[in-house]
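Here is the structure we will look at, set down as structure tokens.
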Amino acid sequence: MGETAWTLYWSKAKRSSYRGVQKQIHSAVALLQKAQVEQKLPALLELVPAVNSLTWILEPLHDEVDSTHQMILAIIKQEKEVALSSREVTLPVCFEGANMAPDKAALMKASGLSEKVLIEGLCRPVLQVLMLGFLPGFAYLGTLTDAPWAPPRLATPRLNVPARSVGLAAGMLGIYPTDSPGGWNLVGRTPLNIFNASFENPTFFRPGDSVSILPITSDDYYHLRRKPDAWQHWVK
Amino acid sequence: MNVTSIVSALQVEFGGSGCSVQDVGRKNLRNLGVPWAGALDSFAFAAVNRLLNNPPESAALEVLLQGPHLRCNTSTIRVALLNFSQAHIIRGSSHLAIRQPWASTVTLEQKDLLVLGTPKGTAYLGVEGGIKSEPVLRSRSTDLRAKFGGVTGHYLQNADILPVAEGLNEQRLNTACPRLPKWFYDRTPIRVMPAPQTRGFVHSATATLTNENWVVSRYADRMGMRLDAQESTHITHKDQLLYLQDQPESEAILPGCVQITPDGQPMILLQDCQTVGGYPKLACVIQADLPRLAHLRAGDTINFAWVSSHQALEALKKRHAELEIWANTFCQIDY
């Protein structure tokens with residue numbers, strides 16, 4: 001991509017098998033980050049994992065740009081599945097009320113599922129953080145393959161989605177870190193702030209995390225709103 | 001920084017339009033979705049710091065549309081102007097025009113009001129020692145979309161305060177330069193290289209990009225600029241720039257990428273662009289020509305030319321050389 005960036009794609013696996021692809025991508029990222037810390041990749045600027053790809057951005061005029069690039073390719077080729085330090089994260093989500101879950105009713109109608117079945121189905125699978133993007137800290141969690149939980153984006157995006165809204169679109173679950181325009185189907189809200197620029201590690205989620213959704217009541221929600229940055233309680 | 005500890009500052013009496021604190025940007029956080037931000041013309045940003053002999057990463061004020069009015073409430077402070085077309089100082093009852101507002105430094109005295117006009121393109125105001133707003137995630141750049149960094153996370157507003165270092169080097173003469181650096185005068189086509197999806201477009205799309213005269217639309221900001229075709233042709237862009245494959249999965253994007261939206265409109269991503277995106281990319285603007293994009297405004301025409309990686313790297317070396325050549329033409333001036 002231009003003279004500074006390279007993107008490597010994992011084979012066009014079906015959505016349902018992204019779990020395997022993601023494992024490989026995040027293993028590669030873990031190995032590369034280790035090499036970066038050990039200063040073996042001096043020309044590396046950025047390492048950006050995504051759904052089925054990994055992009056690295058290099059300083060194009062750095063003396064060691066070629067050797068850095070070759071080293072990155074060699075590390076990825078090792079295909080060594082490191083013991084992933086995959087963090088286990090619980091995300092509390094309140095699914096109650098038209099205010100927090102304005103699109104829930106439409107999804108129930110479209111699928112013919114009861115509220116209970118819809119929410120249980122959403123909370124059952126352990127999801128993975130496929131990538132972060134769109135906004136600082138916005139996490140794309142996947143993969144939701146069954147139709148009721150994989151609606152298309154809204155035909156007309158909302159001009160303002162409230163911060164911490166939880167949405168569904170295109171087989172993924174996303175969480176808005178701040179107020180923003182957005183086109184995902186909003187089904188709930190988390191009491192946790194998922195981005196805090198004043199923290200050394202500013203995002204609640206990191207690429208590769210395993211995530212379980214914990215349904216909570218609105219009473220729990222308002223209780224947990226008092227400690228929105230107590231991330232350590234939710235990460236193992 | 002504790003607000004009460006700010007003894008030296010430039011007080012914003014009028015915020016202008018499109019003014020933000022920027023530096024080299026926020027690096028190595030794209031995996032967490034944090035955009036670079038940073039100066040749109042990174043070479044001009046380096047140039048304004050060169051005028052002041054500042055460390056290269058010192059934060060400066062970027063002006064996109066209209067310059068601010070700044071009151072000096074410190075003893076003396078040298079500032080540097082780059083690419084302004086007019087500027088003056090109101091000192092008591094006198095009115096001092098800055099003679100070379102495109103590239104010069106000037107020493108402000110206490111209570112001076114610096115009045116910066118409307119630049120042609122993007123202008124930078126550097127401050128001796130750099131603007132000392134609080135760094136966020138290791139950068140002072142303003143992230144306008146996530147609203148952090150800079151002074152308040154927003155474009156400069158009336159009554160904001162720009163903290164600066166205590167007045168330094170009061171004896172030093174001021175510097176000026178007869179011309180702007182060379183890339184400000186470059187009118188050759190913007191050079192591009194292939195992007196990951198280039199081959200997925202209809203075969204003639206690469207030629208359409210270079211043959212068409214494009215116009216910067218009014219949908220342009222620090223995140224990106226949308227382009228319109230100048231001539232209304234018989235075939236719509238949608239056909240000319242048709243992407244033949246399935247929409248790609250979201251993947252990393254970066255400043256310079258030329259995305260094609262489903263309605264066939266090119267959009268060049270700039271410094272504040274998000275870190276991942278799903279639109280197919282037809283091309284990438286080379287690093288050497290990213291600074292030139294900073295100075296285009298709605299209605300300006302833009303053409304493209306394809307180059308190789310080798311040519312892109314040579315062009316980038318040339319930009320660095322142009323900055324050095326320009327810095328060798330500094331001369332001292334005395335007001």
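Each chain in the structure tokens gets a letter, A, B, ..., in the order shown, and its residues are numbered from 1; ligands are numbered from 1 in order too.
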Identify all chain B residues at most 9 Å from chain A by counting only C-alpha atoms; ligands do not count. Present them as an mmCIF file with N, CA, C and O atoms, in the first residue's frame.
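Now in part14.cif:
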```cif
data_model
loop_
_atom_site.group_PDB
_atom_site.id
_atom_site.type_symbol
_atom_site.label_atom_id
_atom_site.label_comp_id
_atom_site.auth_asym_id
_atom_site.auth_seq_id
_atom_site.Cartn_x
_atom_site.Cartn_y
_atom_site.Cartn_z
ATOM 1 N N LYS B 27 1.805 8.131 17.439
ATOM 2 C CA LYS B 27 2.305 6.978 16.698
ATOM 3 C C LYS B 27 2.173 5.665 17.470
ATOM 4 O O LYS B 27 2.124 5.655 18.691
ATOM 5 N N ASN B 28 2.142 4.605 16.708
ATOM 6 C CA ASN B 28 2.149 3.235 17.236
ATOM 7 C C ASN B 28 0.924 2.906 18.082
ATOM 8 O O ASN B 28 0.997 2.124 19.028
ATOM 9 N N LEU B 29 -0.221 3.486 17.746
ATOM 10 C CA LEU B 29 -1.480 3.157 18.433
ATOM 11 C C LEU B 29 -2.585 2.816 17.433
ATOM 12 O O LEU B 29 -3.743 2.706 17.807
ATOM 13 N N ARG B 30 -2.221 2.662 16.156
ATOM 14 C CA ARG B 30 -3.264 2.387 15.154
ATOM 15 C C ARG B 30 -3.921 1.036 15.414
ATOM 16 O O ARG B 30 -5.076 0.843 15.068
ATOM 17 N N ASN B 31 -3.203 0.103 16.033
ATOM 18 C CA ASN B 31 -3.810 -1.196 16.357
ATOM 19 C C ASN B 31 -4.919 -1.054 17.391
ATOM 20 O O ASN B 31 -5.749 -1.937 17.539
ATOM 21 N N LEU B 32 -4.945 0.070 18.126
ATOM 22 C CA LEU B 32 -6.006 0.319 19.104
ATOM 23 C C LEU B 32 -7.042 1.307 18.557
ATOM 24 O O LEU B 32 -7.885 1.821 19.304
ATOM 25 N N GLY B 33 -6.954 1.595 17.270
ATOM 26 C CA GLY B 33 -7.942 2.461 16.636
ATOM 27 C C GLY B 33 -7.658 3.941 16.787
ATOM 28 O O GLY B 33 -8.519 4.761 16.489
ATOM 29 N N VAL B 34 -6.458 4.300 17.280
ATOM 30 C CA VAL B 34 -6.146 5.707 17.502
ATOM 31 C C VAL B 34 -5.454 6.276 16.259
ATOM 32 O O VAL B 34 -4.363 5.829 15.908
ATOM 33 N N PRO B 35 -6.085 7.237 15.579
ATOM 34 C CA PRO B 35 -5.493 7.819 14.360
ATOM 35 C C PRO B 35 -4.227 8.621 14.672
ATOM 36 O O PRO B 35 -3.990 9.008 15.821
ATOM 37 N N VAL B 136 -1.337 14.114 25.213
ATOM 38 C CA VAL B 136 -2.256 13.004 25.462
ATOM 39 C C VAL B 136 -1.764 11.834 24.610
ATOM 40 O O VAL B 136 -1.581 11.982 23.404
ATOM 41 N N LEU B 137 -1.535 10.705 25.240
ATOM 42 C CA LEU B 137 -0.964 9.547 24.544
ATOM 43 C C LEU B 137 0.300 9.961 23.771
ATOM 44 O O LEU B 137 0.442 9.692 22.586
ATOM 45 N N ARG B 145 -11.905 14.282 16.146
ATOM 46 C CA ARG B 145 -13.064 13.392 16.109
ATOM 47 C C ARG B 145 -13.283 12.775 17.493
ATOM 48 O O ARG B 145 -14.401 12.744 17.975
ATOM 49 N N ALA B 146 -12.230 12.289 18.119
ATOM 50 C CA ALA B 146 -12.380 11.708 19.462
ATOM 51 C C ALA B 146 -12.299 12.789 20.541
ATOM 52 O O ALA B 146 -12.524 12.507 21.716
ATOM 53 N N PHE B 148 -9.764 14.837 21.869
ATOM 54 C CA PHE B 148 -8.746 14.965 22.914
ATOM 55 C C PHE B 148 -7.482 15.520 22.287
ATOM 56 O O PHE B 148 -7.358 15.616 21.073
ATOM 57 N N GLY B 149 -6.526 15.882 23.142
ATOM 58 C CA GLY B 149 -5.295 16.492 22.661
ATOM 59 C C GLY B 149 -5.499 17.965 22.349
ATOM 60 O O GLY B 149 -6.596 18.495 22.484
ATOM 61 N N VAL B 192 0.779 8.691 -7.464
ATOM 62 C CA VAL B 192 0.142 7.585 -6.727
ATOM 63 C C VAL B 192 0.801 6.256 -7.060
ATOM 64 O O VAL B 192 1.432 6.096 -8.103
ATOM 65 N N MET B 193 0.621 5.317 -6.142
ATOM 66 C CA MET B 193 1.069 3.925 -6.324
ATOM 67 C C MET B 193 -0.143 3.003 -6.152
ATOM 68 O O MET B 193 -1.153 3.415 -5.611
ATOM 69 N N PRO B 194 -0.027 1.763 -6.588
ATOM 70 C CA PRO B 194 -1.158 0.842 -6.441
ATOM 71 C C PRO B 194 -1.503 0.572 -4.966
ATOM 72 O O PRO B 194 -0.660 0.688 -4.083
ATOM 73 N N ALA B 195 -2.756 0.198 -4.746
ATOM 74 C CA ALA B 195 -3.267 -0.159 -3.421
ATOM 75 C C ALA B 195 -3.694 -1.627 -3.476
ATOM 76 O O ALA B 195 -3.737 -2.229 -4.554
ATOM 77 N N PRO B 196 -4.025 -2.229 -2.322
ATOM 78 C CA PRO B 196 -4.348 -3.664 -2.323
ATOM 79 C C PRO B 196 -5.479 -4.060 -3.268
ATOM 80 O O PRO B 196 -5.459 -5.160 -3.821
ATOM 81 N N GLU B 249 -13.179 -7.137 3.202
ATOM 82 C CA GLU B 249 -13.296 -7.020 4.656
ATOM 83 C C GLU B 249 -12.580 -5.749 5.095
ATOM 84 O O GLU B 249 -11.636 -5.303 4.441
ATOM 85 N N SER B 250 -13.012 -5.176 6.208
ATOM 86 C CA SER B 250 -12.323 -3.997 6.731
ATOM 87 C C SER B 250 -10.867 -4.334 6.999
ATOM 88 O O SER B 250 -10.556 -5.404 7.522
ATOM 89 N N GLU B 251 -9.994 -3.414 6.640
ATOM 90 C CA GLU B 251 -8.560 -3.623 6.844
ATOM 91 C C GLU B 251 -7.911 -2.269 7.115
ATOM 92 O O GLU B 251 -8.564 -1.228 7.017
ATOM 93 N N ALA B 252 -6.618 -2.303 7.430
ATOM 94 C CA ALA B 252 -5.912 -1.075 7.776
ATOM 95 C C ALA B 252 -5.957 -0.084 6.614
ATOM 96 O O ALA B 252 -5.799 -0.455 5.454
ATOM 97 N N ILE B 253 -6.180 1.188 6.941
ATOM 98 C CA ILE B 253 -6.077 2.258 5.963
ATOM 99 C C ILE B 253 -5.178 3.330 6.557
ATOM 100 O O ILE B 253 -4.955 3.349 7.781
ATOM 101 N N LEU B 254 -4.642 4.211 5.709
ATOM 102 C CA LEU B 254 -3.742 5.238 6.214
ATOM 103 C C LEU B 254 -3.789 6.468 5.323
ATOM 104 O O LEU B 254 -4.337 6.410 4.215
ATOM 105 N N GLY B 256 -3.372 9.114 2.621
ATOM 106 C CA GLY B 256 -2.924 8.952 1.242
ATOM 107 C C GLY B 256 -3.740 7.943 0.461
ATOM 108 O O GLY B 256 -3.762 7.994 -0.778
ATOM 109 N N CYS B 257 -4.411 7.015 1.142
ATOM 110 C CA CYS B 257 -5.230 6.028 0.430
ATOM 111 C C CYS B 257 -6.329 6.738 -0.366
ATOM 112 O O CYS B 257 -6.976 7.651 0.141
ATOM 113 N N CYS B 273 -7.641 10.379 9.372
ATOM 114 C CA CYS B 273 -8.495 9.269 8.928
ATOM 115 C C CYS B 273 -8.492 8.153 9.960
ATOM 116 O O CYS B 273 -7.547 7.976 10.720
ATOM 117 N N GLN B 274 -9.612 7.391 9.984
ATOM 118 C CA GLN B 274 -9.684 6.271 10.908
ATOM 119 C C GLN B 274 -8.678 5.197 10.504
ATOM 120 O O GLN B 274 -8.062 5.275 9.447
ATOM 121 N N THR B 275 -8.498 4.201 11.381
ATOM 122 C CA THR B 275 -7.384 3.270 11.194
ATOM 123 C C THR B 275 -7.758 2.055 10.358
ATOM 124 O O THR B 275 -6.889 1.386 9.823
ATOM 125 N N VAL B 276 -9.057 1.713 10.290
ATOM 126 C CA VAL B 276 -9.507 0.610 9.442
ATOM 127 C C VAL B 276 -10.700 1.084 8.630
ATOM 128 O O VAL B 276 -11.420 1.997 9.041
ATOM 129 N N GLY B 277 -10.891 0.463 7.466
ATOM 130 C CA GLY B 277 -12.014 0.847 6.620
ATOM 131 C C GLY B 277 -12.297 -0.245 5.613
ATOM 132 O O GLY B 277 -11.442 -1.096 5.352
ATOM 133 N N ALA B 283 -5.847 3.494 -5.183
ATOM 134 C CA ALA B 283 -4.471 3.999 -5.246
ATOM 135 C C ALA B 283 -4.048 4.525 -3.886
ATOM 136 O O ALA B 283 -4.863 4.628 -2.973
ATOM 137 N N CYS B 284 -2.753 4.848 -3.777
ATOM 138 C CA CYS B 284 -2.217 5.498 -2.580
ATOM 139 C C CYS B 284 -1.334 6.660 -3.011
ATOM 140 O O CYS B 284 -0.420 6.465 -3.825
ATOM 141 N N VAL B 285 -1.571 7.834 -2.478
ATOM 142 C CA VAL B 285 -0.713 8.985 -2.763
ATOM 143 C C VAL B 285 0.637 8.752 -2.084
ATOM 144 O O VAL B 285 0.680 8.312 -0.928
ATOM 145 N N ILE B 286 1.722 9.031 -2.820
ATOM 146 C CA ILE B 286 3.051 8.784 -2.247
ATOM 147 C C ILE B 286 3.354 9.810 -1.154
ATOM 148 O O ILE B 286 2.782 10.899 -1.126
ATOM 149 N N GLN B 287 4.241 9.422 -0.243
ATOM 150 C CA GLN B 287 4.563 10.273 0.911
ATOM 151 C C GLN B 287 5.021 11.671 0.494
ATOM 152 O O GLN B 287 4.696 12.648 1.149
ATOM 153 N N SER B 308 6.383 4.349 -9.706
ATOM 154 C CA SER B 308 6.864 3.119 -9.081
ATOM 155 C C SER B 308 7.313 3.406 -7.650
ATOM 156 O O SER B 308 7.481 4.566 -7.256
ATOM 157 N N SER B 309 7.537 2.345 -6.904
ATOM 158 C CA SER B 309 8.045 2.474 -5.546
ATOM 159 C C SER B 309 9.394 3.203 -5.540
ATOM 160 O O SER B 309 9.646 4.061 -4.690
ATOM 161 N N HIS B 310 10.243 2.863 -6.524
ATOM 162 C CA HIS B 310 11.556 3.512 -6.620
ATOM 163 C C HIS B 310 11.391 5.022 -6.811
ATOM 164 O O HIS B 310 12.050 5.828 -6.140
ATOM 165 N N ALA B 312 8.853 6.804 -5.987
ATOM 166 C CA ALA B 312 8.265 7.376 -4.768
ATOM 167 C C ALA B 312 9.352 7.660 -3.733
ATOM 168 O O ALA B 312 9.357 8.715 -3.091
ATOM 169 N N LEU B 313 10.284 6.719 -3.588
ATOM 170 C CA LEU B 313 11.346 6.897 -2.595
ATOM 171 C C LEU B 313 12.296 8.014 -3.010
ATOM 172 O O LEU B 313 12.742 8.804 -2.168
ATOM 173 N N LEU B 316 10.637 11.254 -2.241
ATOM 174 C CA LEU B 316 10.640 11.550 -0.807
ATOM 175 C C LEU B 316 12.004 12.100 -0.370
ATOM 176 O O LEU B 316 12.087 13.053 0.404
ATOM 177 N N LYS B 317 13.085 11.495 -0.927
ATOM 178 C CA LYS B 317 14.435 12.016 -0.633
ATOM 179 C C LYS B 317 14.546 13.461 -1.112
ATOM 180 O O LYS B 317 15.155 14.303 -0.449
#
```
So that I can check the surroundings of stretch 61-71 of chain B, please list as a VMD selection string every protein, DNA and RNA residue that reaches within 9 Å of it, counting only C-alpha atoms and ignoring chain neighbours fewer than 4 positions away. chain B and resid 9 to 23 39 to 40 45 84 87 110 to 127 131 156 to 158 162 294 to 295
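Compared by their closest atoms to A:Asp220, and using only C-alpha atoms, the residues A:Pro92, A:Pro102, A:Pro42, A:Pro148 rank with A:Pro92 nearest.
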Need the shell around stretch 225-236 of chain A: protein/DNA/RNA residues with any atom at most 7 Å away, counting only C-alpha atoms. Skip same-chain ones fewer than 4 positions apart. Format as a PDB file with N, CA and C atoms, in the first residue's frame?
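Contents of the output file around-v7.pdb:
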```
ATOM      1  N   ARG A  87      -6.374 -12.532  26.437  1.00  0.00           N
ATOM      2  CA  ARG A  87      -7.028 -12.085  27.670  1.00  0.00           C
ATOM      3  C   ARG A  87      -8.500 -12.493  27.632  1.00  0.00           C
ATOM      4  N   GLU A  88      -9.030 -12.817  28.786  1.00  0.00           N
ATOM      5  CA  GLU A  88     -10.455 -13.138  28.868  1.00  0.00           C
ATOM      6  C   GLU A  88     -11.175 -11.951  29.483  1.00  0.00           C
ATOM      7  N   VAL A  89     -12.060 -11.384  28.683  1.00  0.00           N
ATOM      8  CA  VAL A  89     -12.719 -10.145  29.066  1.00  0.00           C
ATOM      9  C   VAL A  89     -14.215 -10.398  29.186  1.00  0.00           C
ATOM     10  N   THR A  90     -14.829  -9.842  30.240  1.00  0.00           N
ATOM     11  CA  THR A  90     -16.293  -9.884  30.378  1.00  0.00           C
ATOM     12  C   THR A  90     -16.814  -8.475  30.128  1.00  0.00           C
ATOM     13  N   LEU A  91     -17.829  -8.374  29.283  1.00  0.00           N
ATOM     14  CA  LEU A  91     -18.423  -7.073  29.010  1.00  0.00           C
ATOM     15  C   LEU A  91     -19.855  -7.057  29.543  1.00  0.00           C
ATOM     16  N   PRO A 191     -22.059  -0.170  30.850  1.00  0.00           N
ATOM     17  CA  PRO A 191     -21.749   0.931  31.768  1.00  0.00           C
ATOM     18  C   PRO A 191     -20.265   1.316  31.762  1.00  0.00           C
ATOM     19  N   LEU A 192     -19.413   0.500  31.123  1.00  0.00           N
ATOM     20  CA  LEU A 192     -17.971   0.772  31.164  1.00  0.00           C
ATOM     21  C   LEU A 192     -17.566   1.773  30.079  1.00  0.00           C
ATOM     22  N   ASN A 193     -16.666   2.691  30.449  1.00  0.00           N
ATOM     23  CA  ASN A 193     -16.015   3.504  29.426  1.00  0.00           C
ATOM     24  C   ASN A 193     -15.006   2.595  28.733  1.00  0.00           C
ATOM     25  N   PHE A 204     -10.123  -0.461  26.502  1.00  0.00           N
ATOM     26  CA  PHE A 204     -10.588  -1.596  27.304  1.00  0.00           C
ATOM     27  C   PHE A 204     -10.291  -2.900  26.581  1.00  0.00           C
ATOM     28  N   TYR A 221     -26.733  -1.654  35.896  1.00  0.00           N
ATOM     29  CA  TYR A 221     -26.107  -0.693  34.978  1.00  0.00           C
ATOM     30  C   TYR A 221     -25.781   0.609  35.704  1.00  0.00           C
TER      31      TYR A 221
END
```
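Of note, atom CA of B:Asp263 and atom CA of B:Gly299 are spaced 20.0 Å apart.
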